[in-house]
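Engineer: First, the structure itself, so that you have it in front of you.
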Amino acid sequence: MTHTPGTTAPPGTATPSLPPQPTRTGAGTGTTPPPPPPPPPPRRTAFAEGATRLREAATTEPGRLRVIGALLAALVVAFGALTAWQMTDRAAAADDVLTSSQPLSSDAADIYRSLADANTAASSGFLAGGQETAASRDRYEKDIRTAAAKLVNAAANSAPDSPSAATITELNRLLPEYKGLVERARTYNRQGFPVGGAYLRYANEKMQKEMLPAAEDLYTKENQRLRSDYADATPYPWPALALGVLTLAALGWAQRRTYLRTNRVFNHGLVAATAAATVVLLWLTVGHTLARSNLDDSYDHGVRSLNVLHDARIASLKARGNENLTLVARGAETTKVGDETFDAYDHDFDRDMDSLAEGLTRAADLADDDSGARPVTSAVGNMTEWKKRHEAAREEDENGNYHQALAMVIGPEGATGECFDNVDANLATALAHEEREFQQAAGDGRDALAGLPLGAAVLAVLGAAGAVLGIGRRLSEYR
């Protein structure tokens, strides 16, 4: 039956459903917009994504093996790098001890000794007056040249803005002034003018109060630098040792884990990594222990003895200079001790001889063999005889016998100068022996570290490669 529009459908006939009509929203004819889509989740950081992947990988055996291999390789490389770094620093410090700081310390002592000896030679030549020998004059000139050359060397090896550089500059300024005063003293002395003695005393004052304190300050600074190099070269490399033990423990754990899962006793790659780490750890331990032992020996039986002998030699030079100046001044310089008045230079002579005696006693205690003890014992005997002859010369001078006293001080035979020369020669022999002892021990200490930084780095790379290959072998079983 045809349904005519506009008519009512017969009963029982289904009414067709109409599409939903738009809902009116106030004025206008628009529709309600659909709800906005939810915002995208915040972007995760690369670290978070990496951590998630790592956790997911760790849930499978291949993933766990990859993590273990990466950690083992990182540990071996870190151990080698830390060992190479620490040993490079210690090897450089040991080399500085041998080739830089100790030689510069000896140069500073030689500067002091040369200046003090030049002062002594100048006063000896002045006492001889017109009879000054060529040997005395040559000794003075040689000491001045030595001091100047050592100052140039010290300047070349010191930092431009360092305290040592400032001290060297000051000494270079004072040295020509001192030489000028000595030459004036000699000139007036040859002409018989008493003012020559005043110029020599002024030169001695400049030496004693300005130049020698500056040289001593330089010597002290270089010794501090030497001790600093020893402090850098000898400490145990505890971080590297601890990381080495940790690396070996990790490699041992990894091999045990592999054995428990496969019943295979050896994994060649992991065994190679363990061998490389073991070699580095043993090399580090033994090499540094030997280096430390030799460096300590070079300090105890080399540097300490050298310092004591240098001090003793300087004391003998100062004593000789003051002994000469006692006759040059002829009582013009005095000093008071309590209520008593003494000749200033003779008083300083006694003080310097006490320092010499103390230094020789310490040097004898530090000498560890006959070659080192023998010249020190001879120097003690020379010093004792020197004191006896000096007392006899002072007695003659105080009794008005100036020329007899002069002959007993600078004469060709039986004079105090002979004793001084013997003391100086024996101390030079002892110094040469201790210098050889130092060179041998410090050289052995430096050589014990030779090749260790490079060797540790190479073995670490090989060990890391072995760890990666060993784990890779296990991973291949899952393909």
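Going by the structure tokens order, chains are called A, B, ..., each with residues numbered from 1, while ligands are numbered from 1 in the order shown.
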Just want the 6 Å neighbourhood of segment 129-142 of chain A, counted on only C-alpha atoms, with same-chain residues fewer than 4 positions away dropped. Output as a ChimeraX atom specification.
Structural biologist: /A:118,121,125,190
Engineer: Write the residues of the selection above to a file with N, CA, C and O atoms, as a tab-separated table (two decimals), in the first residue's frame.
Structural biologist:
chain	number	residue	atom	x	y	z
A	118	ALA	N	134.22	33.67	47.91
A	118	ALA	CA	134.77	34.89	47.31
A	118	ALA	C	135.07	35.93	48.38
A	118	ALA	O	136.11	36.61	48.32
A	121	ALA	N	138.21	34.78	50.10
A	121	ALA	CA	139.40	35.00	49.27
A	121	ALA	C	139.74	36.49	49.19
A	121	ALA	O	140.93	36.87	49.18
A	125	GLY	N	143.31	38.00	50.38
A	125	GLY	CA	144.14	38.82	49.49
A	125	GLY	C	144.43	40.18	50.08
A	125	GLY	O	145.54	40.72	49.92
A	190	ARG	N	146.76	48.58	48.16
A	190	ARG	CA	148.06	48.54	47.48
A	190	ARG	C	148.80	49.88	47.60
A	190	ARG	O	150.02	49.92	47.60
Engineer: Show me, as a VMD selection string, the residues that have an atom within 7 Å of Lys150 of chain A when counting only C-alpha atoms, minus same-chain residues fewer than 3 positions from it.
Structural biologist: chain A and resid 107 111 146 to 147 153 to 154
Engineer: Between A:Lys221, A:Gly197, A:Asp424, A:Pro42, which residue has the minimum interatomic distance to Ser162 of chain A, considering only C-alpha atoms?
Structural biologist: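 So, comparing all the options, the nearest one is A:Lys221.
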Engineer: To one decimal place, how far is atom CA of Thr334 of chain A from atom CA of Asp348 of chain A in Å?
Structural biologist: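 For atom CA of Thr334 of chain A relative to atom CA of Asp348 of chain A, the distance reads 10.6 Å.
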Engineer: Between atom CA of Ala203 of chain A and atom CA of Ala393 of chain A, what is the spacing in Å?
Structural biologist: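 Answer for the atom CA of Ala393 of chain A to atom CA of Ala203 of chain A separation: 24.5 Å.
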Engineer: For Asp369 of chain A, which residue out of A:Arg474, A:His301, A:Arg394, A:Lys318 is the nearest one, using only C-alpha atoms?
Structural biologist: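 Nearest to Asp369 of chain A: A:His301.
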Engineer: For Ala405 of chain A, which of A:Thr384, A:Thr326, A:Thr169, A:Gln440 is the closest residue, counting only C-alpha atoms?
Structural biologist: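 Closest to Ala405 of chain A of all the choices is A:Thr326.
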Engineer: Per DSSP on the backbone, what are the alpha helix (DSSP H) residues of segment 109-252 of chain A, as a count of residues only?
Structural biologist: 120
Engineer: List as a PyMOL selection string the protein and nucleic acid residues near Glu183 of chain A, meaning an atom at most 10 Å away when only C-alpha atoms are counted, but skip any in the same chain fewer than 4 places from it.
Structural biologist: chain A and resi 122+178-179+187-189+196+199-200+203
Engineer: Where in segment 229-365 of chain A does DSSP assign strand (DSSP E or B), given as a PyMOL selection string?
Structural biologist: chain A and resi 334-337+340-343
Engineer: Using only C-alpha atoms, pick whichever of A:Ala277, A:Ala363, A:Leu151, A:Leu226 has the shortest atom-to-atom distance to Asp96 of chain A.
Structural biologist: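 Once distances to Asp96 of chain A are computed over only C-alpha atoms, the minimum belongs to A:Leu226.
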Engineer: What's the 10 Å shell around Phe266 of chain A, counting only C-alpha atoms, without same-chain residues fewer than 6 positions away, as a list in words?
Structural biologist: Gln255, Arg256, Thr258, Tyr259 and Gly470 of chain A
Engineer: So that I can check the surroundings of segment 248-250 of chain A, please list as a list in words every protein, DNA and RNA residue that reaches within 10 Å of it, counting only C-alpha atoms and ignoring chain neighbours fewer than 3 positions away.
Structural biologist: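 These residues fall inside the cut-off: Ile68, Leu71, Leu72, Leu75, Val76, Leu243, Gly244, Val245, Trp253, Ala254, Gln255, Arg256, Ala273, Thr274, Ala275, Ala276, Ala277, Thr278 and Leu281 of chain A.
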